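Student: The structure under discussion is supplied below as structure tokens; questions concerning it will follow.
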Amino acid sequence: MGLGFDNFAMSMTPPSAFQRALDQYLQTLPSHKRKSKFLLSCYNAESPVTPESLNETIAEAEERASQRSSRKILRKVVAPVITALKDYFTVVDTLVSSSMPAAIVWGAIKVIIEGIDRCATLFDTIKSQLRALTVMLQRISEYEDLYGDSTILQDLLCKTYVEIFRFWSRIDRECDQYGIKSFLRVAVSFSTKKLDESIQEIETNVDTIDKLVPIIEARRARGEQEDAGRERFEAGIERLEARVERQAQREFREMYQDDRYNERYYSISSWLDSREAIESNQSRHDMNLRRHSIGTCAWLTDNTDYRNWEQGASSPSIIWCHAPPGTGKSVLCSQVIRRLMDIPSVTCAYLFYQFDAPYTSVETLRLLTAQLITSSYLTYRHKISDELYLMSQGARTFDSLSACINMLLPQFQTVYLLLDGLDEECVKDRWSEACRVIDFLVGMSKAHPSIVRLWFSSQDRSSIRTKMEKFTICNFHEPMKEDVGIFLTSVSSELEDLIASEQAKSFLLEKLQRRGESNFLWVNLMINTLREEASSPVEVTRLLEDGLPSTLDEYYRRIFERIEVSQRALVCKVFSLIAFARRPLRMSELREAIGILSIDTPTSLSSRHIPFEPHLRKLFAPLIQIYPIAESEDYTCRLFHSTVRDFLRKYGGKVFPEFSSGLVVSPGISAQACLAYLRQQRYSLTLRHEDELWLDSNGNAVKEHSFLLYAAKYWDKHFDEVLGDEETRNAIVSFITSSNFQTFVQIQSLWLENRFTIFRQSNGCECDDCTRIRFLVRVFPLWLINGSEVTNERRLWASYRRFIHDWRHFLSCANCEKRGCLFARCAGEIDRCWWGALGPRNFLSRLQGRYRSFSFQREGIVTTEPGPSFEGISQEGDKMKILRLNASDASSGTLTFTCEHWSICSTRTDNIVLENTQMISVSESESSWAVYATALTVTSNRKQVGRAPLVAFTLDCQYMRIGTQLFELKNDKYYVSLYDTLSGDRYPTYVEEFAVRGPYAVFASRRRVKQEDIRKTGVSDDAVANLGVDFNAMEEMVLLDDDDSSSSISSPENRSSSSIWSSSDDSELNDAYESWSEGDTDVPEGVEFEEDRITPWSGPLRDSDEVGSSSESSSDSETSEQENEFPQPIGALDESSDEEIEFDPQVAGYGRWYDEDEDDGDDEDAYMYYAYGPTALFKTRPELQASISVFLIRSSDESPLLPAKLFHFTQELPISLYDSPPAIHPFKSLIVWPIGRGDVLFADFSCQSYFTRKLRLTTSNSAHISVKCHFSNCGQYLFIAAFEGQRKPAKKMEDAIGIKVALLVLTYRLSESKTTRSPPRLIHRTRLDLGQKSSIAVSSFPFTLTWTSTNVYLTCSDNTLKVFRIDLFSSTAEVQKTCPTVAVPQKAIILPSTATKRKVHYMPPTPTDLKAKILIESEARVKGDFEVKTELHLGYEHHRGGGVFGMEGAPVPISPPIGCFVDEDQDLGCWGPWKDLADVPDDFGIGHLDRRLEKFDFDDDCDLEPYIF
């Protein structure tokens, strides 16, 4: 419908020239004409006029026109106007935002054309005006297109538009009146005057526009020039801004690079951790420079050997300067350093060895590397390379440090490396460390002769001369004599009080120089002696003639003789502590050490026992010197020369003539001080942390205990130098077995670096075994634990090492800098350790802890060597069964076991009680022991993965399986065999999983082990020899390398596993498949999930790999040789292993299988999407077969009978499933068994019928690892817990990522009417992401489940308690606020380090026991791999052999099962929601048990046709 033009005009925004013209035209009209028929007819909102519709109107008009003149007018008059108006319309359309003006123009033409029949003569009359209008419109269109941006032109256009409106309006009125006038055609004539006036006005406006064009052009040209200038100016500004921006970016990059390199420099400096050593080294250098007398050492530049060395003229550029002690070698070395540092482009790194500060080879290179990196970066501004930075991210070893130095050398023009005091290292192990450094530096000098120049200075020792005999050797004895004279001249003014005349002065200097020769030390001692003993010039002369000692030893003895008798006991303590200190003592440490020695029976040191500092300083001179410590008020105490300690050692500390036992300088005094300090009463209780301070039992801050850290670190090293008499042994044992030892361990953890760190050390053997040997820092005196006898002290040492083995990770993380480290937050909380779990034979088990822990270990010393053991834990956690192999008799074929029956209860005084110890004898043949324990042949070695454990228990421990023989528990105290002999060829000879309920026993297996796969029959020493290799391979690797920080995946050959059943024909029992029952399952409305129509297994995981059929029987003879062209299971190494080993680990991994033997074609079968094991392994064809049988083992009167088979089912498997036993319904004849590949078997063994269902996976590229089934006690529900592993497809090992593990917990309601025949319905599901692992050991699956009536508890093998409480039933949102679906403890509980490789069980409280239990199974290893040698410091000697009962490879427990009681409120902090709960999509049918798809038969169904698109 039409619109009023008042509203139309108001809606036009913003106003253009055309719009303004329309407004002006409307304003000129009377109000009653503003809505004229013409204007309304030109615009219709429903069907606006367009050029296309106008053409149709013209065509229609031509057809209607009967007069020739009408058609002529249309063609010659109207058509040109329309053509002009089309161009005009294009201009108008670009000028206005609305299509309304264009509609008006076209509408006007249409109105005229529609009236062409009745107005033909009219058009003939005004044809000249229309032609003129056409010309005007064409000109206006051109002007508008060229100069539409001109304001003046816009005003003229507006006037022109107004006249155009008037022109067409006039024509419209004439057309309306033409019908009436036609009757008066003769009387009335049409006047074109007004039209001519409009045309004239339009023409005038157009002419005006013509005149304005040059002006517009000129303005445009000037504007363009201005624009060009403006653009040039703006471009200049932009160039300037770009230049400034580039400069800023360059400065930012440089600043970023500087920050980056600064960060790298500080990172490397932190890695080197050499600040303290550098400060000590620099302090020694500065002291040497201060001691230098002006004029001495000037001869050095004239020395030919030195000059050639400095200039690099000698080859190699290595010089060794030797001289007697006290001749100023260190001062000379410092002068050389100062001289070299003044030379441009020269870099110096140096080290002054000191007798009281031993340097290892690593420490030496660390100090040299720190100096070189500082010079490179701070002095020469060299960039720190990526290689150097990456090297600093690894371990700080001799090899890594030497590599760093080699990387730095090319950056320098000349590098001088100076090592002074090599003779200080010529003692015991210190010389071997120095030799390692010398060899490296010499090799580096030879490799870079133009860069590296080496300086060594020392006394002349034979060991040093042997190393230096091929290089330049200089003896500076003679030149130094002149320096002594210069020195005496410089100090002559200080000797005026000893001389009476110049003649006496000359005599004095001559005598001193003659006697001292080149020895500055001797000259100083003579001057001091003259000052101390000469009372007159005559005495000076007498002493110079024959009164001065002739050796350094005599000088030192005379100094000690001058000490007052009353002070000699104190002096012995002072010199003993300083001379034999493992590092320079501080004054505060020395005072406390002396104070503790002054107490006869130390209880706690007090300030009244500590000597005064000024008094000690008087005793120091002249043999002890003190040096201030930077940023501290304390001082370092040192002997002024190494010859003093040599003197003390030479005479055994007997420095006083009236020798007595109390007046001796010896290492034993330092040892006594350390032990007495650690045994103080204030350390009898562990330290407590309050207000960021650690306090002792007296409430005093430990940071004020100056001597504590030194005593804790070096006490055993001091006792290494003491004879271990009975009294000393008793004192040490008393300390170790006291509660102070617990505090001692706490102190080590808190403040002593790397005390519990693993170290690697080469013993000369480069074999794989020796390179894997690792070491811990020793904390007991060497002589205390040395020897081969089993002494009480060695037992203490073994007990302590057992403790460290379990708790090293916790103890070593006290100063961990890793963000979020739990151990760091618990630093020093030593009571978190499970002391009681160390066992009654461990002395540390008597220490107090936070939790009540225990060990399943009998008291007393066991003299016989234990054998392999197996544990069973009841579902309630109140029973523990431990079965241990004691002996094997090859002649009679009998195995002897010991079974321990333990009960667990927190309410008793004795937390655990050994109820009974039982002896069990088993026949090899009846139990099929060889199938489990005997190693397989080399060709069948891949079948080891996933072989059944030798012994297994049911969840309630009521039944036990040894091999294939079944035992039942009687009276909770002993097991009895259900049958003595076996008969019938239907009984399985290999069982992996079993379940028992009443008279029924279910045996299941997924592997087929053939008899020819077994290496030997029967159980002999050789048969059990590979027990550990076959079943516990990874446990051995864990113990040899239990550092979790270095784990990797290896690529062994493919392994698989098989199972063996009797070869009898069981087809009549297997032909029992039936379709699922249509009987309704009683489920409340709204409880079950909606059924999905998506089959997730039809995605990238191939479902066409099934060989067997669930509805058809298959005998072993038929399937054993059957080809299997589908994905195959393969083995992988456990994540803790970083070595390739020759045995088979029981590990499952997931990945995309790739056959390297296949061509690179497009064969899709070459890429298997569904496979176990790491990628890039070779294709295998394992013989897997799922087989399950139900036997009747007991008659109605409960008496045992020979097993009778009631039901049997077999099915070929393309992949395997692990640790997924069958479940028996508590009342009905229903068994549920996860077969594999998602299939779940539901069998009614009484009716011999079954059906299978598919359990959907939650993600793609996944497979089930283990599936656990469990029935509720009421029998109404079935619970399934499915562990899934996901790994993305990868062709190469290096592209493979870890396995993502998830747990899906499902609850199903069973049909009440048809429990055994109708599939259950899903009513609840929960999914948990359990993180990523590099691989999973299926022989010791790292997850355990504990079922209750409403929850299932998932516990992970880790060094902290990781347990999840998962609801089995859905709850409302309100209930979930207080009781979340998945809950975790809110407080952390730290577990032993070995718990990462052991099974951990969490047992919730029960009505009879309100405490929860944490139970950890035993730790086992393969013995006979390493043997402790007599000399412990030499490490270990590896060999094969030995083991249990002389059988190599048998795994034995090195730690028994342990446990702990916890309070869920107090210790766990109650249960809180787990924030990382995974969402389960509602539209994928996850958890539903779907009916199996009809399989694709490659033989029958492959009826193919070409695919042409």
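We name chains A, B, ... following the order of the structure tokens; residues begin at 1 in each chain, and ligands are numbered from 1 as shown.
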Write out as a list in words which residues come within 8 Å of Glu425 in chain A when counting only C-alpha atoms, dropping same-chain ones fewer than 3 positions away.
Tutor: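 Once the adjacent positions are removed, what remains is Tyr353, Phe355, Pro358, Gly421, Leu422, Arg430, Trp431 and Ala434 of chain A.
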Student: Now that the selection is made, can you save its residues with N, CA, C and O atoms as an mmCIF file, in the first residue's frame?
Tutor:
data_model
loop_
_atom_site.group_PDB
_atom_site.id
_atom_site.type_symbol
_atom_site.label_atom_id
_atom_site.label_comp_id
_atom_site.auth_asym_id
_atom_site.auth_seq_id
_atom_site.Cartn_x
_atom_site.Cartn_y
_atom_site.Cartn_z
ATOM 1 N N TYR A 353 94.092 -24.579 45.773
ATOM 2 C CA TYR A 353 93.774 -25.727 46.612
ATOM 3 C C TYR A 353 94.186 -25.417 48.045
ATOM 4 O O TYR A 353 95.216 -24.781 48.292
ATOM 5 N N PHE A 355 94.458 -27.151 52.105
ATOM 6 C CA PHE A 355 94.530 -28.418 52.832
ATOM 7 C C PHE A 355 93.277 -28.689 53.654
ATOM 8 O O PHE A 355 92.921 -29.833 53.903
ATOM 9 N N PRO A 358 88.899 -29.737 50.900
ATOM 10 C CA PRO A 358 89.105 -30.614 49.741
ATOM 11 C C PRO A 358 88.139 -30.288 48.599
ATOM 12 O O PRO A 358 86.991 -29.915 48.822
ATOM 13 N N GLY A 421 98.821 -25.193 44.539
ATOM 14 C CA GLY A 421 98.687 -26.048 45.719
ATOM 15 C C GLY A 421 98.288 -27.469 45.406
ATOM 16 O O GLY A 421 97.547 -28.072 46.180
ATOM 17 N N LEU A 422 98.778 -28.024 44.296
ATOM 18 C CA LEU A 422 98.445 -29.419 43.980
ATOM 19 C C LEU A 422 98.896 -30.368 45.071
ATOM 20 O O LEU A 422 98.291 -31.427 45.273
ATOM 21 N N ARG A 430 91.767 -37.728 47.458
ATOM 22 C CA ARG A 430 91.814 -36.375 46.909
ATOM 23 C C ARG A 430 92.739 -36.303 45.692
ATOM 24 O O ARG A 430 92.477 -35.531 44.764
ATOM 25 N N TRP A 431 93.801 -37.090 45.688
ATOM 26 C CA TRP A 431 94.736 -37.028 44.564
ATOM 27 C C TRP A 431 94.103 -37.604 43.300
ATOM 28 O O TRP A 431 94.322 -37.099 42.194
ATOM 29 N N ALA A 434 92.063 -34.904 41.833
ATOM 30 C CA ALA A 434 92.908 -33.880 41.202
ATOM 31 C C ALA A 434 93.472 -34.388 39.878
ATOM 32 O O ALA A 434 93.572 -33.639 38.901
#
Student: Name the closest residue to Gly485 in chain A among the candidates A:Glu517, A:Asp196, A:Glu469, A:Glu1419; distances are taken between atoms, counting only C-alpha atoms.
Tutor: A:Glu517
Student: Interatomic distance between CA of Lys428 in chain A and CA of Tyr350 in chain A?
Tutor: 23.3 Å
Student: Can you work out the spacing between CA of Thr208 in chain A and CA of Gln154 in chain A in Å, to one decimal?
Tutor: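 CA of Thr208 in chain A sits 12.2 Å away from CA of Gln154 in chain A.
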